[in-house]
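For reference, protein_19.csv (CSV, C-alpha atoms):
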```
chain,number,residue,atom,x,y,z
A,375,MET,CA,-23.0,-23.2,-4.8
A,376,SER,CA,-20.6,-20.4,-4.0
A,377,ASP,CA,-21.7,-16.9,-3.4
A,378,VAL,CA,-20.9,-14.2,-5.8
A,379,ILE,CA,-20.4,-10.5,-4.9
A,380,ALA,CA,-21.7,-8.2,-7.6
A,381,ALA,CA,-20.2,-4.7,-7.8
A,382,GLU,CA,-20.2,-1.8,-10.2
A,383,SER,CA,-16.8,-0.4,-11.2
A,384,THR,CA,-16.2,2.8,-13.2
A,385,ARG,CA,-13.3,1.3,-15.2
A,386,PHE,CA,-14.4,-2.3,-15.8
A,387,GLY,CA,-18.2,-2.1,-15.6
A,388,LYS,CA,-20.2,-4.7,-13.7
A,389,LEU,CA,-18.1,-7.2,-11.7
A,390,GLU,CA,-19.0,-10.5,-10.3
A,391,ILE,CA,-16.5,-11.8,-7.9
A,392,PRO,CA,-16.7,-15.2,-6.2
A,393,ALA,CA,-17.0,-14.6,-2.4
A,394,SER,CA,-14.0,-16.8,-1.9
A,395,LYS,CA,-11.8,-14.4,-3.9
A,396,VAL,CA,-12.8,-11.2,-2.0
A,397,ILE,CA,-9.9,-9.6,-0.1
A,398,ARG,CA,-10.7,-7.8,3.1
A,399,LEU,CA,-8.4,-5.0,4.1
A,400,GLN,CA,-8.5,-4.1,7.7
A,401,GLY,CA,-8.8,-0.3,8.0
A,402,GLY,CA,-9.2,-0.1,4.2
A,403,LEU,CA,-6.7,1.4,1.9
A,404,LEU,CA,-5.2,4.4,3.7
A,405,GLY,CA,-7.1,7.5,2.7
A,406,PHE,CA,-10.2,5.5,1.7
A,407,PRO,CA,-11.7,4.3,4.9
A,408,ASN,CA,-15.0,3.4,3.3
A,409,SER,CA,-13.6,0.6,1.2
A,410,GLN,CA,-12.9,-2.7,3.0
A,411,ARG,CA,-13.7,-5.3,0.3
A,412,PHE,CA,-11.4,-5.6,-2.7
A,413,ALA,CA,-10.8,-7.9,-5.7
A,414,LEU,CA,-7.5,-8.4,-7.6
A,415,LEU,CA,-8.2,-8.0,-11.3
A,416,ASP,CA,-5.8,-9.1,-14.0
A,417,HIS,CA,-4.9,-6.6,-16.7
A,418,ASP,CA,-3.3,-9.1,-19.0
A,419,LYS,CA,-2.7,-12.6,-17.9
A,420,ASP,CA,1.1,-12.3,-18.5
A,421,SER,CA,1.4,-9.0,-16.8
A,422,PRO,CA,2.6,-8.6,-13.2
A,423,PHE,CA,0.4,-5.5,-12.9
A,424,LYS,CA,-3.0,-5.9,-11.4
A,425,TRP,CA,-5.8,-3.7,-10.3
A,426,LEU,CA,-6.8,-3.7,-6.7
A,427,GLN,CA,-10.5,-2.9,-7.2
A,428,SER,CA,-12.7,-1.8,-4.4
A,429,LEU,CA,-16.1,-3.6,-4.2
A,430,ASP,CA,-17.5,-0.9,-2.0
A,431,GLU,CA,-16.6,2.2,-4.1
A,432,GLY,CA,-16.8,1.6,-7.8
A,433,GLU,CA,-14.4,4.4,-8.8
A,434,LEU,CA,-11.7,3.2,-6.5
A,435,ALA,CA,-9.0,1.0,-8.0
A,436,VAL,CA,-5.3,1.2,-7.6
A,437,PRO,CA,-2.6,-0.5,-9.7
A,438,VAL,CA,-0.5,-3.0,-7.6
A,439,CYS,CA,2.2,-5.5,-8.3
A,440,ASP,CA,4.6,-7.9,-6.5
A,441,PRO,CA,7.4,-5.6,-5.5
A,442,ARG,CA,10.0,-8.3,-6.2
A,443,VAL,CA,9.4,-8.1,-9.9
A,444,PHE,CA,11.1,-4.7,-9.9
A,445,PHE,CA,13.0,-4.7,-6.7
A,446,PRO,CA,14.5,-8.1,-6.0
A,447,GLU,CA,16.2,-6.9,-2.8
A,448,TYR,CA,12.9,-5.7,-1.4
A,449,HIS,CA,12.1,-7.0,2.1
A,450,ILE,CA,10.0,-5.7,4.9
A,451,ARG,CA,10.0,-6.1,8.7
A,452,ILE,CA,6.7,-6.2,10.4
A,453,LYS,CA,6.0,-6.5,14.1
A,454,ARG,CA,4.7,-9.8,15.3
A,455,ASP,CA,1.6,-8.2,16.9
A,456,GLU,CA,0.8,-6.5,13.6
A,457,LEU,CA,0.9,-9.9,11.9
A,458,ALA,CA,-1.2,-11.4,14.7
A,459,THR,CA,-4.3,-9.4,13.7
A,460,LEU,CA,-4.1,-11.1,10.3
A,461,ARG,CA,-3.5,-14.4,12.0
A,462,VAL,CA,-0.3,-14.9,10.0
A,463,LYS,CA,2.2,-17.3,11.6
A,464,SER,CA,5.0,-17.4,9.0
A,465,ALA,CA,6.2,-15.2,6.2
A,466,GLU,CA,5.3,-17.9,3.7
A,467,GLU,CA,1.6,-17.2,4.4
A,468,LEU,CA,1.9,-13.6,3.2
A,469,VAL,CA,1.3,-12.0,-0.2
A,470,ILE,CA,3.0,-8.6,-0.5
A,471,LEU,CA,1.8,-6.1,-3.0
A,472,VAL,CA,2.9,-2.5,-3.5
A,473,VAL,CA,0.7,0.3,-4.8
A,474,LEU,CA,1.9,1.9,-8.1
A,475,ASN,CA,1.5,5.4,-9.3
A,476,LEU,CA,1.2,4.9,-13.0
A,477,ARG,CA,1.3,7.9,-15.3
A,478,ALA,CA,1.2,8.4,-19.1
A,479,ASP,CA,5.0,8.5,-19.2
A,480,PRO,CA,6.7,5.4,-17.8
A,481,ALA,CA,9.6,7.6,-16.6
A,482,ASP,CA,7.2,9.2,-14.1
A,483,MET,CA,5.9,5.9,-12.8
A,484,THR,CA,6.6,5.1,-9.2
A,485,ALA,CA,6.0,2.4,-6.6
A,486,ASN,CA,5.1,3.1,-3.0
A,487,LEU,CA,7.6,0.8,-1.2
A,488,GLN,CA,6.9,2.3,2.2
A,489,GLY,CA,3.3,1.4,2.4
A,490,PRO,CA,3.0,-2.2,1.2
A,491,ILE,CA,-0.2,-4.2,1.4
A,492,ILE,CA,0.2,-7.5,3.2
A,493,ILE,CA,-2.4,-10.2,2.7
A,494,HIS,CA,-2.9,-13.6,4.3
A,495,ALA,CA,-2.7,-15.7,1.1
A,496,GLU,CA,-5.4,-18.1,2.2
A,497,ARG,CA,-7.7,-16.2,4.4
A,498,LEU,CA,-7.5,-13.1,2.1
A,499,ILE,CA,-7.4,-10.7,5.0
A,500,GLY,CA,-4.9,-8.0,4.8
A,501,ARG,CA,-3.9,-4.4,5.6
A,502,GLN,CA,-1.8,-1.7,4.3
A,503,VAL,CA,1.2,-1.2,6.6
A,504,VAL,CA,3.3,1.9,7.1
A,505,LEU,CA,7.0,1.0,7.4
A,506,LYS,CA,8.8,3.1,9.9
A,507,ASP,CA,12.3,4.2,9.2
A,508,ALA,CA,12.3,2.1,6.1
A,509,PRO,CA,15.1,2.6,3.5
A,510,PHE,CA,12.4,2.6,0.9
A,511,SER,CA,10.4,5.6,-0.3
A,512,THR,CA,6.8,6.2,-1.2
A,513,ARG,CA,7.9,7.2,-4.7
A,514,HIS,CA,10.5,4.7,-5.9
A,515,PRO,CA,10.9,5.0,-9.7
A,516,LEU,CA,9.5,1.9,-11.5
A,517,PHE,CA,11.8,2.3,-14.5
A,518,PRO,CA,14.9,4.1,-13.1
A,519,GLY,CA,16.8,3.6,-16.4
A,520,LEU,CA,14.3,5.9,-18.1
A,521,LYS,CA,14.9,8.7,-15.7
A,522,LYS,CA,18.6,8.6,-16.2
A,523,GLN,CA,18.2,8.9,-20.0
A,524,ALA,CA,16.0,11.9,-19.6
A,525,HIS,CA,18.6,13.6,-17.4
A,526,GLU,CA,21.5,12.8,-19.8
A,527,GLY,CA,19.4,14.1,-22.7
A,528,SER,CA,18.7,17.4,-21.1
A,529,GLY,CA,22.2,17.9,-19.8
B,145,MET,CA,-10.3,19.5,20.3
B,146,LEU,CA,-9.4,18.6,23.9
B,147,ILE,CA,-6.2,20.3,25.0
B,148,LEU,CA,-4.4,19.0,28.1
B,149,THR,CA,-1.3,20.1,29.9
B,150,ARG,CA,1.0,17.3,30.9
B,151,LYS,CA,4.4,17.2,32.6
B,152,SER,CA,7.2,14.9,31.7
B,153,GLY,CA,6.5,11.4,33.1
B,154,GLU,CA,2.7,11.9,33.0
B,155,MET,CA,0.2,10.0,31.1
B,156,ILE,CA,-3.1,10.4,29.1
B,157,ALA,CA,-5.5,7.5,28.7
B,158,ILE,CA,-7.7,7.3,25.7
B,159,GLY,CA,-10.6,4.9,26.1
B,160,ASP,CA,-9.7,1.7,28.0
B,161,ASP,CA,-6.8,0.5,25.8
B,162,VAL,CA,-4.7,3.4,24.6
B,163,LYS,CA,-2.2,5.2,26.9
B,164,VAL,CA,0.0,8.0,25.9
B,165,TYR,CA,3.1,8.7,28.1
B,166,ILE,CA,5.1,11.9,28.0
B,167,GLN,CA,8.5,10.4,28.3
B,168,GLU,CA,10.8,13.5,27.9
B,169,ILE,CA,10.5,17.1,27.0
B,170,ARG,CA,13.6,18.8,25.7
B,171,GLY,CA,13.4,22.2,24.0
B,172,ASN,CA,10.8,22.0,21.3
B,173,GLN,CA,10.8,18.2,21.1
B,174,VAL,CA,8.6,15.8,23.0
B,175,LYS,CA,9.3,12.1,23.3
B,176,ILE,CA,6.0,10.2,23.5
B,177,GLY,CA,5.4,6.6,24.3
B,178,ILE,CA,2.2,5.1,23.0
B,179,LYS,CA,0.6,1.8,24.3
B,180,ALA,CA,-2.2,0.6,22.1
B,181,PRO,CA,-3.7,-2.8,21.1
B,182,PRO,CA,-2.3,-4.3,17.9
B,183,ASP,CA,-5.3,-3.4,15.8
B,184,VAL,CA,-4.9,0.3,16.6
B,185,THR,CA,-2.3,1.6,14.2
B,186,VAL,CA,-0.1,4.4,15.3
B,187,HIS,CA,1.9,6.5,12.8
B,188,ARG,CA,3.9,9.6,12.7
B,189,GLU,CA,1.4,11.8,11.0
B,190,GLU,CA,3.6,12.9,8.1
B,191,VAL,CA,4.4,9.3,6.9
B,192,TYR,CA,0.8,8.4,7.2
B,193,LEU,CA,-0.3,11.4,5.2
B,194,ARG,CA,2.3,10.7,2.5
B,195,ILE,CA,1.0,7.2,2.0
B,196,GLN,CA,-2.6,8.4,1.9
B,197,GLU,CA,-1.6,10.9,-0.7
B,198,GLU,CA,0.2,8.3,-2.8
B,199,ASN,CA,-2.9,6.1,-2.6
B,200,ARG,CA,-5.1,8.9,-3.8
B,201,ALA,CA,-2.7,9.7,-6.7
B,202,ALA,CA,-2.5,6.0,-7.5
B,203,ALA,CA,-6.3,5.8,-7.8
B,204,LEU,CA,-6.2,8.2,-10.7
B,205,ALA,CA,-4.6,5.6,-12.9
B,206,MET,CA,-6.5,4.4,-16.0
B,207,PRO,CA,-6.2,1.2,-18.0
B,208,ASP,CA,-4.1,3.0,-20.6
B,209,HIS,CA,-1.5,3.8,-18.0
B,210,MET,CA,-1.2,0.2,-17.0
B,211,LYS,CA,-0.9,-0.8,-20.6
B,212,ALA,CA,2.0,1.7,-20.9
B,213,ALA,CA,3.7,0.2,-17.9
B,214,PHE,CA,3.4,-3.3,-19.2
B,215,ASP,CA,4.6,-2.2,-22.6
B,216,GLN,CA,7.7,-0.6,-21.0
B,217,LEU,CA,8.4,-3.7,-18.9
B,218,ARG,CA,8.2,-5.9,-22.0
B,219,LYS,CA,10.5,-3.5,-23.9
B,220,GLN,CA,13.0,-3.7,-21.1
B,221,SER,CA,13.0,-7.5,-20.8
B,222,ALA,CA,13.3,-7.8,-24.6
B,223,ALA,CA,16.3,-5.5,-24.5
B,224,GLN,CA,17.9,-7.5,-21.7
B,225,GLU,CA,17.4,-10.8,-23.6
B,226,LYS,CA,19.3,-9.2,-26.6
B,227,LYS,CA,22.3,-8.5,-24.3
```
Take the structure I supplied and represent it as structure tokens, if you would.
Amino acid sequence: MSDVIAAESTRFGKLEIPASKVIRLQGGLLGFPNSQRFALLDHDKDSPFKWLQSLDEGELAVPVCDPRVFFPEYHIRIKRDELATLRVKSAEELVILVVLNLRADPADMTANLQGPIIIHAERLIGRQVVLKDAPFSTRHPLFPGLKKQAHEGSG
Amino acid sequence: MLILTRKSGEMIAIGDDVKVYIQEIRGNQVKIGIKAPPDVTVHREEVYLRIQEENRAAALAMPDHMKAAFDQLRKQSAAQEKK
């Protein structure tokens, strides 16, 4: 029998997550040091958007997605010793997620490409890394086409 | 807060594992070298704060917002397929 972690969430009510699916983020999500255990919740099975829901603080959930869905050229460089704490040996063992800032208007939605979350795909241990001198910003527009239209319309 | 005066080339030790070297002082800029174990993350404060801020802003999202994002994505892929 596998263990189940029960947690209350403000958005999705009571959650029961198999212990084998719990993601542990070393150091938590930056700005939320009290949350270390998370679960990845689907929003729609066909959607690339997921919720990274804290199992320690019910109100804490952030939208995340695979950055390559929106930014095929996205790549990150991480120091070997930073990977060592996750016991990652090769890039193939990693899952990369970026935190999304979703608003009512899709034109205002952004992805934080400078602070990706890297997770060991099998061990489910991860951390949010801060990329230094990265060419990517913390507020990269998710739908850049929409922004353009808005500017053209107003100008 | 502990305040120390250090000269260029001097060092501060924090605990057993963290060492801070003052490498160079020029005008109002200080070049600092930090030696810390891999599980201690060291950041320039402003980048770190910006990412904390983005996380806090991201945590305000509600399911409706995610639905809006998915709708927009589907709209875009449908438009691309038409082309």
**Item:** Among listed residues A:Val443, A:Val472, A:Arg513, A:Leu434, nearest Gly405 in chain A (using all atoms listed in the file)
**Value:**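 Of A:Val443, A:Val472, A:Arg513, A:Leu434, the one nearest Gly405 in chain A is A:Leu434, counting all atoms listed in the file.
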**Message:** Taking all atoms listed in the file into account, name the residue in A:Ile391, A:Leu404, A:Arg477, A:Phe510 that is nearest to Ile195 in chain B.
**Reply:**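 Under the stated criterion, the closest residue is A:Leu404.
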**Item:** Given all atoms listed in the file as the counted atoms, nearest of A:His417, A:Arg442, A:Arg497, A:Arg411 to chain B
**Value:**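 Closest candidate: A:His417.
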**Prompt:** Mind listing as a list of chain:residue names which residues of chain B are within 8 Å of chain A, counting only C-alpha atoms?
**Reply:**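 Residues satisfying the distance criterion: B:Pro182, B:Asp183, B:His187, B:Val191, B:Tyr192, B:Arg194, B:Ile195, B:Gln196, B:Glu197, B:Glu198, B:Asn199, B:Arg200, B:Ala201, B:Ala202, B:Ala203, B:Leu204, B:Ala205, B:Met206, B:Pro207, B:Asp208, B:His209, B:Met210, B:Ala212, B:Ala213, B:Phe214, B:Gln216.
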**Asked** Between CA of Gly177 in chain B and CA of Lys163 in chain B, what is the spacing in Å?
**Response** 8.2 Å
**Message:** Please compute the CA of Ile492 in chain A-CA of Leu468 in chain A distance, one decimal, in Å.
**Reply:**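 So the answer is 6.3 Å.
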**Asked** By how many Å are CA of Asp161 in chain B and CA of Val184 in chain B apart?
**Response** 9.4 Å
**Request:** Tell me which of A:Asp377, A:Thr384, A:Leu429, A:Val396 sits closest to Gly500 in chain A, counting only C-alpha atoms.
**Result:**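 Looking only at the distances to Gly500 in chain A, the closest residue turns out to be A:Val396.
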